[in-house]
$ cat upload-v1.txt   # compact mmCIF, C-alpha atoms and all ligand atoms
# COMPACT_ATOMS: atom_id res chain seq x y z
CA MET A 25 -36.19 19.64 40.22
CA LYS A 26 -38.52 17.72 42.53
CA ALA A 27 -38.40 13.93 42.50
CA VAL A 28 -39.78 11.06 44.54
CA CYS A 29 -36.76 9.27 46.01
CA TRP A 30 -36.51 5.82 47.58
CA MET A 31 -34.79 6.29 50.92
CA GLY A 32 -35.29 2.77 52.29
CA THR A 33 -38.08 0.26 52.88
CA GLU A 34 -41.40 2.15 53.26
CA LYS A 35 -39.50 5.42 53.07
CA MET A 36 -40.24 7.65 50.12
CA SER A 37 -39.29 11.28 50.13
CA VAL A 38 -39.78 14.19 47.74
CA GLU A 39 -36.32 15.68 47.32
CA THR A 40 -34.77 18.46 45.30
CA VAL A 41 -32.27 16.84 42.94
CA PRO A 42 -30.25 18.02 39.93
CA ASP A 43 -32.18 18.28 36.65
CA PRO A 44 -31.34 15.48 34.23
CA ARG A 45 -29.07 16.25 31.29
CA ILE A 46 -28.52 14.65 27.91
CA LEU A 47 -25.79 12.04 28.40
CA ASN A 48 -25.96 10.14 25.12
CA PRO A 49 -26.77 11.31 21.60
CA ARG A 50 -30.03 9.35 21.50
CA ASP A 51 -31.35 10.80 24.79
CA ALA A 52 -34.23 13.21 25.17
CA ILE A 53 -35.27 15.27 28.17
CA VAL A 54 -39.00 15.22 28.91
CA ARG A 55 -40.85 17.71 31.12
CA ILE A 56 -43.30 15.46 32.91
CA THR A 57 -46.96 16.45 33.10
CA SER A 58 -48.41 13.27 34.66
CA THR A 59 -46.80 10.33 36.42
CA CYS A 60 -48.32 7.38 38.30
CA ILE A 61 -47.69 4.96 41.13
CA CYS A 62 -47.76 1.33 39.96
CA GLY A 63 -48.26 -1.96 41.79
CA SER A 64 -44.69 -2.72 40.73
CA ASP A 65 -43.48 0.33 42.70
CA LEU A 66 -45.00 -1.24 45.79
CA HIS A 67 -42.53 -4.14 45.58
CA LEU A 68 -39.73 -1.55 45.88
CA TYR A 69 -41.57 0.41 48.58
CA ASP A 70 -41.90 -2.79 50.58
CA GLY A 71 -38.22 -3.55 50.05
CA TYR A 72 -38.65 -6.94 48.36
CA ILE A 73 -36.54 -6.35 45.26
CA PRO A 74 -32.79 -5.99 45.79
CA THR A 75 -30.36 -3.41 44.40
CA MET A 76 -32.24 -0.21 45.22
CA GLU A 77 -30.01 2.51 46.64
CA GLN A 78 -30.88 5.41 48.87
CA GLY A 79 -31.81 8.43 46.76
CA ASP A 80 -32.90 6.48 43.67
CA ILE A 81 -35.63 8.28 41.75
CA MET A 82 -38.83 6.22 41.51
CA GLY A 83 -41.40 5.88 38.75
CA HIS A 84 -41.89 4.31 35.36
CA GLU A 85 -45.35 5.45 34.21
CA PHE A 86 -45.07 8.97 32.86
CA MET A 87 -45.74 11.35 30.01
CA GLY A 88 -44.90 14.91 29.12
CA GLU A 89 -43.34 17.28 26.62
CA VAL A 90 -39.99 16.87 24.88
CA MET A 91 -37.72 19.74 25.97
CA GLU A 92 -34.44 18.72 24.38
CA VAL A 93 -33.19 15.96 22.09
CA GLY A 94 -29.66 14.67 21.60
CA SER A 95 -27.80 14.97 18.32
CA GLY A 96 -28.38 11.31 17.50
CA VAL A 97 -32.17 11.37 17.73
CA ASP A 98 -33.90 11.06 14.39
CA GLN A 99 -35.89 14.33 14.30
CA GLY A 100 -38.40 12.72 11.99
CA LYS A 101 -39.34 10.49 14.89
CA LEU A 102 -39.05 12.86 17.84
CA LYS A 103 -38.48 16.58 18.22
CA VAL A 104 -38.67 19.35 20.79
CA GLY A 105 -42.28 20.23 21.59
CA ASP A 106 -43.72 16.75 20.94
CA ARG A 107 -46.13 15.47 23.55
CA VAL A 108 -45.25 11.87 24.39
CA VAL A 109 -46.09 8.89 26.55
CA VAL A 110 -42.91 7.08 27.61
CA PRO A 111 -43.00 3.26 27.95
CA PHE A 112 -41.53 1.79 31.13
CA THR A 113 -39.16 -0.51 29.22
CA ILE A 114 -36.13 0.96 27.46
CA ALA A 115 -35.28 -0.60 24.09
CA CYS A 116 -32.56 0.08 21.52
CA GLY A 117 -34.57 -0.82 18.42
CA ASN A 118 -31.68 -2.62 16.76
CA CYS A 119 -30.80 -5.82 18.62
CA PHE A 120 -32.09 -9.34 17.93
CA PHE A 121 -34.80 -8.97 20.58
CA CYS A 122 -36.03 -5.55 19.42
CA GLN A 123 -36.10 -6.80 15.84
CA HIS A 124 -38.32 -9.66 17.03
CA GLN A 125 -40.64 -7.25 18.87
CA LEU A 126 -39.47 -8.64 22.23
CA TRP A 127 -38.93 -5.10 23.45
CA SER A 128 -38.74 -5.81 27.19
CA LEU A 129 -35.86 -8.19 26.49
CA CYS A 130 -33.66 -5.69 24.64
CA ASP A 131 -30.02 -6.69 24.87
CA ASN A 132 -28.48 -3.21 24.87
CA THR A 133 -30.21 -1.05 27.46
CA ASN A 134 -29.12 -2.49 30.78
CA PRO A 135 -25.68 -1.14 31.68
CA ASN A 136 -25.75 -3.37 34.77
CA ALA A 137 -26.62 -6.51 32.83
CA TRP A 138 -23.99 -8.47 34.72
CA ILE A 139 -26.02 -8.29 37.94
CA ALA A 140 -29.16 -9.63 36.25
CA GLU A 141 -27.11 -12.26 34.40
CA LYS A 142 -25.88 -13.65 37.71
CA MET A 143 -29.44 -14.25 38.83
CA MET A 144 -31.23 -14.99 35.56
CA GLY A 145 -28.64 -16.17 33.07
CA TYR A 146 -29.42 -13.32 30.70
CA SER A 147 -30.53 -9.76 31.37
CA PRO A 148 -33.87 -8.25 30.35
CA SER A 149 -34.02 -4.63 29.13
CA GLY A 150 -33.36 -1.61 31.29
CA LEU A 151 -36.39 -0.19 33.12
CA PHE A 152 -37.04 3.33 34.41
CA GLY A 153 -36.82 3.72 38.18
CA TYR A 154 -36.57 0.01 38.90
CA THR A 155 -33.39 -1.02 40.71
CA HIS A 156 -29.73 -1.03 39.73
CA MET A 157 -30.06 -4.62 38.55
CA MET A 158 -32.41 -3.28 35.84
CA GLY A 159 -30.12 -0.46 34.79
CA GLY A 160 -30.18 2.07 37.61
CA TYR A 161 -32.10 4.58 35.47
CA ALA A 162 -33.66 7.56 37.23
CA GLY A 163 -37.43 7.20 37.16
CA GLY A 164 -40.27 9.45 36.12
CA GLN A 165 -41.89 10.44 39.42
CA ALA A 166 -40.18 13.77 38.96
CA GLN A 167 -40.49 17.02 37.07
CA TYR A 168 -38.12 15.93 34.31
CA ALA A 169 -36.64 12.67 33.07
CA ARG A 170 -33.85 11.63 30.76
CA VAL A 171 -35.23 9.19 28.19
CA PRO A 172 -32.59 7.01 26.48
CA CYS A 173 -33.16 5.59 22.98
CA ALA A 174 -35.74 8.33 22.64
CA ASP A 175 -36.49 7.63 18.98
CA VAL A 176 -37.71 4.11 19.81
CA GLY A 177 -39.95 4.18 22.90
CA PRO A 178 -41.90 7.41 23.30
CA LEU A 179 -45.28 7.52 21.56
CA LYS A 180 -46.45 10.88 20.20
CA ILE A 181 -49.89 11.88 21.43
CA PRO A 182 -52.10 14.14 19.36
CA GLY A 183 -53.51 17.27 21.02
CA GLY A 184 -57.02 17.02 22.36
CA LEU A 185 -56.58 13.83 24.37
CA PRO A 186 -56.12 14.70 28.06
CA ASP A 187 -53.27 13.08 30.03
CA GLU A 188 -55.73 10.97 32.05
CA LYS A 189 -56.86 9.12 28.93
CA VAL A 190 -53.40 8.28 27.60
CA VAL A 191 -50.91 8.15 30.49
CA PHE A 192 -51.67 4.46 31.17
CA LEU A 193 -50.29 3.61 27.72
CA SER A 194 -46.95 3.91 29.57
CA ASP A 195 -47.58 0.56 31.29
CA ILE A 196 -50.82 -0.79 32.75
CA PHE A 197 -53.09 -0.71 29.69
CA PRO A 198 -50.58 -2.51 27.42
CA THR A 199 -49.71 -4.80 30.34
CA GLY A 200 -53.33 -5.80 30.87
CA TYR A 201 -53.72 -6.26 27.11
CA MET A 202 -50.61 -8.41 26.68
CA ALA A 203 -51.65 -10.49 29.68
CA ALA A 204 -55.01 -11.12 28.00
CA GLU A 205 -53.32 -11.89 24.69
CA ASN A 206 -51.09 -14.35 26.56
CA CYS A 207 -54.26 -16.17 27.67
CA ASN A 208 -54.60 -17.44 24.09
CA ILE A 209 -58.31 -16.60 24.17
CA GLN A 210 -60.56 -18.43 21.75
CA GLN A 211 -64.10 -17.24 21.03
CA GLY A 212 -66.34 -18.31 23.91
CA ASP A 213 -63.58 -18.87 26.47
CA THR A 214 -63.77 -18.37 30.21
CA VAL A 215 -60.86 -16.39 31.66
CA ALA A 216 -60.20 -16.21 35.41
CA ILE A 217 -58.18 -13.20 36.58
CA TRP A 218 -56.66 -13.06 40.07
CA GLY A 219 -56.43 -9.49 41.36
CA CYS A 220 -58.64 -6.51 40.60
CA GLY A 221 -55.86 -3.94 40.78
CA PRO A 222 -55.23 -1.51 37.92
CA VAL A 223 -53.42 -4.09 35.75
CA ALA A 224 -56.26 -6.57 36.19
CA GLN A 225 -58.86 -3.91 35.36
CA PHE A 226 -57.26 -3.45 31.95
CA ALA A 227 -56.83 -7.20 31.56
CA ILE A 228 -60.56 -7.73 32.15
CA ARG A 229 -61.52 -5.23 29.47
CA SER A 230 -58.86 -6.57 27.08
CA ALA A 231 -60.03 -10.16 27.56
CA PHE A 232 -63.47 -9.13 26.31
CA MET A 233 -61.88 -7.24 23.39
CA LEU A 234 -60.11 -10.48 22.46
CA GLY A 235 -63.28 -12.57 22.46
CA ALA A 236 -63.67 -13.99 25.97
CA GLU A 237 -67.26 -14.89 26.75
CA GLN A 238 -66.89 -14.90 30.50
CA VAL A 239 -64.34 -13.20 32.75
CA ILE A 240 -64.21 -14.05 36.43
CA ALA A 241 -62.17 -11.66 38.58
CA ILE A 242 -60.93 -12.35 42.09
CA ASP A 243 -59.99 -9.93 44.89
CA ARG A 244 -61.25 -8.91 48.31
CA VAL A 245 -61.37 -5.11 48.05
CA PRO A 246 -65.01 -4.08 47.53
CA GLU A 247 -64.45 -1.07 45.26
CA ARG A 248 -62.01 -3.00 43.10
CA LEU A 249 -64.47 -5.90 42.78
CA GLN A 250 -67.15 -3.37 41.83
CA MET A 251 -64.89 -1.85 39.17
CA ALA A 252 -64.36 -5.35 37.77
CA ARG A 253 -68.12 -5.88 37.60
CA ASP A 254 -68.46 -2.49 35.88
CA GLY A 255 -66.10 -3.90 33.25
CA GLY A 256 -68.38 -6.89 32.69
CA ALA A 257 -66.66 -9.48 34.91
CA GLN A 258 -68.25 -11.75 37.47
CA THR A 259 -66.39 -11.60 40.76
CA ILE A 260 -65.26 -13.82 43.61
CA ASN A 261 -64.22 -12.45 46.99
CA PHE A 262 -61.36 -14.69 48.09
CA GLU A 263 -62.03 -13.91 51.75
CA GLU A 264 -65.55 -15.30 51.47
CA ASP A 265 -65.27 -18.20 49.04
CA SER A 266 -62.92 -20.96 48.06
CA VAL A 267 -61.76 -19.63 44.72
CA VAL A 268 -60.79 -22.91 43.10
CA ASP A 269 -64.10 -24.54 44.10
CA VAL A 270 -66.21 -21.66 42.79
CA LEU A 271 -64.31 -21.66 39.50
CA LYS A 272 -64.97 -25.36 39.15
CA ASP A 273 -68.67 -24.84 39.79
CA VAL A 274 -69.16 -22.00 37.34
CA THR A 275 -67.35 -23.81 34.53
CA GLY A 276 -69.38 -27.03 34.72
CA ASN A 277 -66.52 -28.78 36.52
CA ARG A 278 -64.04 -28.20 33.69
CA GLY A 279 -62.10 -25.19 34.97
CA PRO A 280 -61.34 -21.85 33.26
CA ASP A 281 -59.67 -22.04 29.84
CA SER A 282 -57.06 -19.61 31.06
CA CYS A 283 -55.99 -18.30 34.44
CA MET A 284 -54.17 -15.00 34.92
CA ASP A 285 -52.02 -14.05 37.88
CA ALA A 286 -52.35 -10.25 37.96
CA VAL A 287 -51.23 -10.12 41.59
CA GLY A 288 -47.62 -11.28 41.64
CA MET A 289 -45.13 -11.55 44.47
CA GLU A 290 -47.12 -9.84 47.23
CA ALA A 291 -50.23 -12.04 47.14
CA SER A 292 -52.32 -12.43 50.28
CA GLY A 293 -53.74 -15.78 51.31
CA HIS A 294 -54.66 -18.27 53.99
CA SER A 295 -52.89 -21.52 53.16
CA LEU A 296 -49.99 -23.15 54.94
CA PHE A 297 -47.77 -22.40 51.95
CA PHE A 298 -48.76 -18.75 52.25
CA ALA A 299 -47.74 -18.68 55.91
CA THR A 300 -44.37 -20.16 54.92
CA ASP A 301 -43.95 -17.60 52.11
CA ARG A 302 -44.75 -14.78 54.47
CA ALA A 303 -42.30 -15.90 57.12
CA LYS A 304 -39.48 -16.36 54.60
CA GLN A 305 -40.22 -13.01 52.96
CA ALA A 306 -40.20 -11.25 56.33
CA LEU A 307 -36.78 -12.74 57.03
CA ARG A 308 -35.69 -11.68 53.51
CA ILE A 309 -34.77 -15.33 52.76
CA LYS A 310 -37.23 -15.33 49.85
CA MET A 311 -38.58 -12.52 47.74
CA ASP A 312 -41.93 -13.87 46.60
CA ARG A 313 -45.29 -14.98 47.97
CA ALA A 314 -46.70 -17.21 45.23
CA GLU A 315 -50.16 -18.00 46.59
CA VAL A 316 -51.94 -16.85 43.46
CA LEU A 317 -49.66 -18.67 41.05
CA ARG A 318 -50.34 -21.90 42.92
CA GLN A 319 -54.07 -21.33 42.69
CA CYS A 320 -53.87 -20.54 38.96
CA ILE A 321 -52.13 -23.86 38.28
CA ARG A 322 -54.64 -25.77 40.37
CA ALA A 323 -57.74 -24.07 38.97
CA CYS A 324 -56.84 -24.05 35.28
CA ARG A 325 -58.55 -26.59 33.05
CA LYS A 326 -56.42 -29.36 31.56
CA GLY A 327 -54.57 -28.12 28.50
CA GLY A 328 -55.27 -24.51 29.48
CA THR A 329 -53.04 -21.45 29.70
CA VAL A 330 -51.61 -19.62 32.69
CA SER A 331 -50.73 -15.98 31.96
CA ILE A 332 -48.53 -14.16 34.46
CA PRO A 333 -48.27 -10.37 34.25
CA GLY A 334 -47.77 -10.21 38.05
CA VAL A 335 -44.12 -9.53 38.88
CA TYR A 336 -41.96 -12.18 40.54
CA ALA A 337 -38.42 -11.46 41.61
CA GLY A 338 -36.64 -14.60 42.69
CA PHE A 339 -36.82 -18.28 43.49
CA VAL A 340 -40.37 -19.36 44.15
CA ASP A 341 -41.17 -22.23 46.54
CA ASN A 342 -43.82 -24.91 46.55
CA ILE A 343 -45.02 -24.49 43.00
CA PRO A 344 -47.13 -27.53 42.02
CA PHE A 345 -45.06 -28.15 38.94
CA GLY A 346 -46.20 -31.75 38.77
CA ALA A 347 -49.76 -30.52 38.31
CA ALA A 348 -48.66 -28.08 35.62
CA MET A 349 -46.79 -30.80 33.74
CA ASN A 350 -49.41 -33.51 34.01
CA LYS A 351 -52.28 -31.16 33.14
CA GLY A 352 -50.41 -30.01 30.03
CA LEU A 353 -50.57 -26.32 30.89
CA THR A 354 -48.98 -23.55 28.84
CA PHE A 355 -47.28 -20.69 30.69
CA LYS A 356 -46.86 -17.21 29.22
CA MET A 357 -45.39 -14.27 31.11
CA GLY A 358 -43.02 -11.36 31.09
CA GLN A 359 -42.54 -7.66 31.37
CA THR A 360 -44.68 -6.11 28.67
CA HIS A 361 -43.36 -5.69 25.12
CA MET A 362 -44.66 -2.13 25.23
CA MET A 363 -43.98 -0.90 21.72
CA ARG A 364 -46.08 -3.71 20.21
CA TYR A 365 -49.19 -2.40 21.91
CA MET A 366 -48.93 1.34 22.53
CA ARG A 367 -50.01 2.59 19.11
CA PRO A 368 -52.89 0.15 18.53
CA LEU A 369 -54.20 0.84 22.02
CA LEU A 370 -53.90 4.62 21.50
CA GLU A 371 -56.05 4.12 18.40
CA ARG A 372 -58.68 2.36 20.51
CA VAL A 373 -58.68 5.35 22.88
CA GLU A 374 -58.96 7.76 19.94
CA ARG A 375 -61.90 5.79 18.55
CA GLY A 376 -63.61 6.05 21.92
CA GLU A 377 -63.65 2.27 22.48
CA ILE A 378 -62.19 2.69 25.95
CA ASP A 379 -61.52 5.58 28.32
CA PRO A 380 -58.64 4.40 30.53
CA SER A 381 -59.22 7.19 33.05
CA PHE A 382 -61.92 5.07 34.72
CA VAL A 383 -59.25 3.52 36.95
CA ILE A 384 -58.06 6.80 38.57
CA SER A 385 -59.13 7.45 42.15
CA HIS A 386 -56.55 10.08 43.15
CA ARG A 387 -54.87 12.92 41.29
CA VAL A 388 -52.58 14.77 43.69
CA PRO A 389 -49.49 17.02 43.71
CA ILE A 390 -46.20 15.12 43.70
CA ASP A 391 -45.44 16.42 47.21
CA ARG A 392 -48.04 13.97 48.51
CA ALA A 393 -46.37 10.94 46.91
CA PRO A 394 -44.89 9.49 50.13
CA GLU A 395 -48.33 9.39 51.76
CA MET A 396 -49.97 8.06 48.57
CA TYR A 397 -47.64 5.06 48.42
CA ARG A 398 -49.10 3.94 51.72
CA VAL A 399 -52.68 4.77 50.74
CA PHE A 400 -52.35 2.80 47.48
CA ARG A 401 -50.63 -0.17 49.11
CA ASP A 402 -53.09 -0.41 51.98
CA LYS A 403 -56.11 0.27 49.73
CA LEU A 404 -57.17 3.18 51.95
CA ASP A 405 -59.57 5.90 50.86
CA ARG A 406 -60.97 3.64 48.06
CA CYS A 407 -57.67 4.09 46.25
CA THR A 408 -57.40 2.31 42.88
CA LYS A 409 -54.78 4.37 40.99
CA VAL A 410 -52.76 7.45 41.83
CA VAL A 411 -51.71 10.05 39.27
CA LEU A 412 -49.16 12.58 40.50
CA ASP A 413 -48.91 16.11 39.16
CA PRO A 414 -45.24 17.20 39.31
CA TRP A 415 -46.08 20.88 38.93
CA ALA A 416 -49.15 21.41 41.11
CA ASP A 417 -49.19 23.58 44.21
CA GLY A 418 -46.46 26.03 43.37
CA ALA A 419 -43.73 23.51 42.56
CA SER A 420 -40.76 25.70 41.76
CA GLY A 421 -39.06 23.57 39.13
CA ALA A 422 -35.74 24.85 40.36
N1 LIG A 501 -45.59 -7.61 33.55
C1 LIG A 501 -45.50 -6.29 33.55
O1 LIG A 501 -44.95 -5.72 32.63
C2 LIG A 501 -46.14 -5.52 34.68
C3 LIG A 501 -46.44 -4.18 34.52
C4 LIG A 501 -47.11 -3.51 35.56
C5 LIG A 501 -47.41 -4.19 36.73
N2 LIG A 501 -47.07 -5.50 36.86
C6 LIG A 501 -47.38 -6.27 38.07
O2 LIG A 501 -48.76 -6.60 38.06
C7 LIG A 501 -49.18 -6.83 39.40
C8 LIG A 501 -50.45 -6.04 39.66
O3 LIG A 501 -50.21 -4.66 39.57
P1 LIG A 501 -51.30 -3.60 40.06
O4 LIG A 501 -50.78 -2.25 39.77
O5 LIG A 501 -52.64 -3.97 39.55
O6 LIG A 501 -51.15 -3.88 41.67
P2 LIG A 501 -52.05 -3.80 42.96
O7 LIG A 501 -51.14 -4.13 44.07
O8 LIG A 501 -52.83 -2.53 43.03
O9 LIG A 501 -53.13 -4.98 42.75
C9 LIG A 501 -52.97 -6.27 43.24
C10 LIG A 501 -54.36 -6.75 43.68
O10 LIG A 501 -54.26 -8.14 44.02
C11 LIG A 501 -55.14 -8.37 45.08
N3 LIG A 501 -54.77 -9.65 45.73
C12 LIG A 501 -53.85 -9.90 46.69
N4 LIG A 501 -53.85 -11.22 47.00
C13 LIG A 501 -54.79 -11.81 46.23
C14 LIG A 501 -55.28 -13.14 46.11
N5 LIG A 501 -54.78 -14.14 46.86
N6 LIG A 501 -56.26 -13.40 45.20
C15 LIG A 501 -56.78 -12.40 44.45
N7 LIG A 501 -56.37 -11.10 44.52
C16 LIG A 501 -55.40 -10.82 45.41
C17 LIG A 501 -54.98 -7.14 45.97
O11 LIG A 501 -56.07 -6.98 46.86
C18 LIG A 501 -54.89 -6.02 44.92
O12 LIG A 501 -56.14 -5.44 44.63
C19 LIG A 501 -48.01 -6.43 40.29
O13 LIG A 501 -47.27 -7.59 40.64
C20 LIG A 501 -47.18 -5.58 39.38
O14 LIG A 501 -45.81 -5.59 39.75
C21 LIG A 501 -46.44 -6.15 35.86
ZN ZN A 502 -45.96 -0.01 36.25
ZN ZN A 503 -32.67 -3.83 21.62
$ encode --input "upload-v1.txt" --output "structure tokens" --more "lines below"
Ligand SMILES: NC(=O)c1ccc[n+]([C@@H]2O[C@H](COP(=O)([O-])OP(=O)(O)OC[C@H]3O[C@@H](n4cnc5c(N)ncnc54)[C@H](O)[C@@H]3O)[C@@H](O)[C@H]2O)c1
Ligand SMILES: [Zn+2]
Ligand SMILES: [Zn+2]
Amino acid sequence: MKAVCWMGTEKMSVETVPDPRILNPRDAIVRITSTCICGSDLHLYDGYIPTMEQGDIMGHEFMGEVMEVGSGVDQGKLKVGDRVVVPFTIACGNCFFCQHQLWSLCDNTNPNAWIAEKMMGYSPSGLFGYTHMMGGYAGGQAQYARVPCADVGPLKIPGGLPDEKVVFLSDIFPTGYMAAENCNIQQGDTVAIWGCGPVAQFAIRSAFMLGAEQVIAIDRVPERLQMARDGGAQTINFEEDSVVDVLKDVTGNRGPDSCMDAVGMEASGHSLFFATDRAKQALRIKMDRAEVLRQCIRACRKGGTVSIPGVYAGFVDNIPFGAAMNKGLTFKMGQTHMMRYMRPLLERVERGEIDPSFVISHRVPIDRAPEMYRVFRDKLDRCTKVVLDPWADGASGA
């Protein structure tokens, strides 16, 4: 089959690789109909997260049709022919964390847990296509994928809803929603969201669903700022204005009730700290550039909440932790607990409350993936979200 393989920093390649096979009784094989490039994939593309190996198959946002199920899959939950969206986190359904709905922290799905334990103390769940430290699972930017614990994660999609409307239930819609939920929004609140990438776009719309009165979104890319305004947000261009000052002004000097970092470890910026981050990251001494996290802590009102869906990988420098402590801030973060949100958000799509396809700028054959990584990262061609078609343009499937 065809698959997008990581061959090194900034080197993606569409290769012909062996088709996946059932390895465990609870596996399923899915024939993928749509698969996306995520902001999280860019951290791997740019080589900032360790334990990728040459030839690893990328991708964790995908959907398709079930072709085969293992003998241990409960057929009442999943069977051949079902159309499913697959969440990016892999969860067993039985452990302490799954039982507490903390799906992205499942204890049983990372076969390389020992690597993560060395760095983090305990290991989060396995993830598709996201380093050997997170399980070394082949990803879904391919024609087929092996889906472990297939009777827990995949969400069945009724006929009639096109892929474009539901594929983002695999990650960015639930991620934006959980990030908004983590803002602890009370009726009438002001929420400031750094970033107007795809995750932030869903966070903006979710914040309104959860009762925010005012959402202020921050970026510098014109079409992304426009998309944020289309979703009802006010916007700040961080190249033109001092973000923290503007936020102070528009909240009557009090500051936003919650601040969301939907940018993560590859933030841009202008400060001295940013220059230090950039130099250390270039030398691979540090993994993260935390410019946005610093601004969130500074801008947030006293007693407010900082929500962090943006991915961080390592040890972050120069965090104003004294400010966070003395201002009494609450921090909420994490990889998304997908299975909590997928079904309720599907129901919102079915009811016509939101059409997630608004975020798509490019739908292209998988063969163009290497070029589209660069286009998406560099925000060329007004790119906001790329959906890859694994079967377009005479893909052989062999
Ligand atoms: N927690 C999760 O489960 C989860 C899931 C998916 C993605 N993510 C993470 O969410 C983040 C966003 O993902 P995305 O797909 O939207 O990525 P993206 O790279 O398309 O968007 C990031 C946006 O941030 C903007 N930005 C950069 N520096 C900024 C600054 N100083 N102030 C304001 N905006 C700035 C960029 O211009 C860009 O538009 C990434 O870190 C990604 O890894 C997390
Ligand atoms: Zn993703
Ligand atoms: Zn579990």
$ residues_near_ligand --input "upload-v1.txt" --ligand "ligand ZN 503 (chain A)" --cutoff "9 Å" --atoms "only C-alpha atoms and all ligand atoms" --output "MDAnalysis selection string"
chainID A and resid 114:123 126:133 149
$ axis_aligned_box --input "upload-v1.txt" --around "region 390-407 of chain A" --padding-each-side "4 Å" --output "AutoDock Vina command-line options"
--center_x -52.9 --center_y 8.0 --center_z 47.8 --size_x 24.1 --size_y 24.8 --size_z 16.3
$ residues_around --input "upload-v1.txt" --residues "region 80-93 of chain A" --least-positions-apart "2" --cutoff "7 Å" --atoms "only C-alpha atoms" --output "PyMOL selection string"
chain A and resi 27-30+51-61+76-78+95+97+103-110+112+152-153+162-165+191+194-195
$ atom_distance --input "upload-v1.txt" --atom1 "CA of Gly279 (chain A)" --atom2 "atom C6 of ligand LIG 501 (chain A)"
24.2 Å
$ residues_around --input "upload-v1.txt" --residues "Val274 (chain A)" --least-positions-apart "2" --cutoff "12 Å" --atoms "only C-alpha atoms" --output "number ranges by chain"
A: 214-216, 238-240, 258-260, 267-272, 276-280, 323
$ residues_around --input "upload-v1.txt" --residues "Gly63 (chain A)" --least-positions-apart "5" --cutoff "12 Å" --atoms "all atoms listed in the file" --output "PyMOL selection string"
chain A and resi 68-70+83-85+195-196+199+219-224+286-291+333-335+397-398+400-403+408-410
$ atom_distance --input "upload-v1.txt" --atom1 "CA of Leu404 (chain A)" --atom2 "atom N2 of ligand LIG 501 (chain A)"
20.1 Å
$ residues_near_point --input "upload-v1.txt" --point "(-38.8, -6.9, 51.0)" --cutoff "7 Å" --atoms "all atoms listed in the file" --output "short mmCIF file (atom, residue, chain, number, x, y, z; two decimals) with C-alpha atoms, in the coordinates of the input"
data_model
loop_
_atom_site.label_atom_id
_atom_site.label_comp_id
_atom_site.auth_asym_id
_atom_site.auth_seq_id
_atom_site.Cartn_x
_atom_site.Cartn_y
_atom_site.Cartn_z
CA ASP A 70 -41.90 -2.79 50.58
CA GLY A 71 -38.22 -3.55 50.05
CA TYR A 72 -38.65 -6.94 48.36
CA ILE A 73 -36.54 -6.35 45.26
CA GLN A 305 -40.22 -13.01 52.96
CA ARG A 308 -35.69 -11.68 53.51
CA MET A 311 -38.58 -12.52 47.74
#
$ atom_distance --input "upload-v1.txt" --atom1 "CA of Met233 (chain A)" --atom2 "CA of Tyr201 (chain A)"
9.0 Å
$ decode --input "upload-v1.txt" --residues "region 298-308 of chain A" --atoms "N, CA and C atoms" --output "PDB file, in the first residue's frame"
ATOM      1  N   PHE A 298      12.092  34.456  23.565  1.00  0.00           N
ATOM      2  CA  PHE A 298      11.838  33.737  22.317  1.00  0.00           C
ATOM      3  C   PHE A 298      13.149  33.491  21.569  1.00  0.00           C
ATOM      4  N   ALA A 299      13.987  34.516  21.533  1.00  0.00           N
ATOM      5  CA  ALA A 299      15.271  34.368  20.827  1.00  0.00           C
ATOM      6  C   ALA A 299      16.093  33.250  21.477  1.00  0.00           C
ATOM      7  N   THR A 300      16.044  33.190  22.804  1.00  0.00           N
ATOM      8  CA  THR A 300      16.773  32.132  23.517  1.00  0.00           C
ATOM      9  C   THR A 300      16.184  30.762  23.179  1.00  0.00           C
ATOM     10  N   ASP A 301      14.837  30.683  23.217  1.00  0.00           N
ATOM     11  CA  ASP A 301      14.167  29.408  22.867  1.00  0.00           C
ATOM     12  C   ASP A 301      14.616  28.937  21.489  1.00  0.00           C
ATOM     13  N   ARG A 302      14.604  29.881  20.554  1.00  0.00           N
ATOM     14  CA  ARG A 302      14.869  29.539  19.166  1.00  0.00           C
ATOM     15  C   ARG A 302      16.299  29.009  18.998  1.00  0.00           C
ATOM     16  N   ALA A 303      17.214  29.678  19.669  1.00  0.00           N
ATOM     17  CA  ALA A 303      18.618  29.264  19.564  1.00  0.00           C
ATOM     18  C   ALA A 303      18.801  27.871  20.167  1.00  0.00           C
ATOM     19  N   LYS A 304      18.191  27.643  21.326  1.00  0.00           N
ATOM     20  CA  LYS A 304      18.347  26.334  21.981  1.00  0.00           C
ATOM     21  C   LYS A 304      17.669  25.224  21.178  1.00  0.00           C
ATOM     22  N   GLN A 305      16.522  25.580  20.561  1.00  0.00           N
ATOM     23  CA  GLN A 305      15.814  24.565  19.766  1.00  0.00           C
ATOM     24  C   GLN A 305      16.627  24.218  18.518  1.00  0.00           C
ATOM     25  N   ALA A 306      17.231  25.236  17.924  1.00  0.00           N
ATOM     26  CA  ALA A 306      18.035  25.001  16.719  1.00  0.00           C
ATOM     27  C   ALA A 306      19.213  24.080  17.033  1.00  0.00           C
ATOM     28  N   LEU A 307      19.760  24.246  18.232  1.00  0.00           N
ATOM     29  CA  LEU A 307      20.887  23.395  18.632  1.00  0.00           C
ATOM     30  C   LEU A 307      20.429  22.043  19.185  1.00  0.00           C
ATOM     31  N   ARG A 308      19.090  21.873  19.210  1.00  0.00           N
ATOM     32  CA  ARG A 308      18.482  20.641  19.757  1.00  0.00           C
ATOM     33  C   ARG A 308      18.843  20.433  21.238  1.00  0.00           C
TER      34      ARG A 308
END
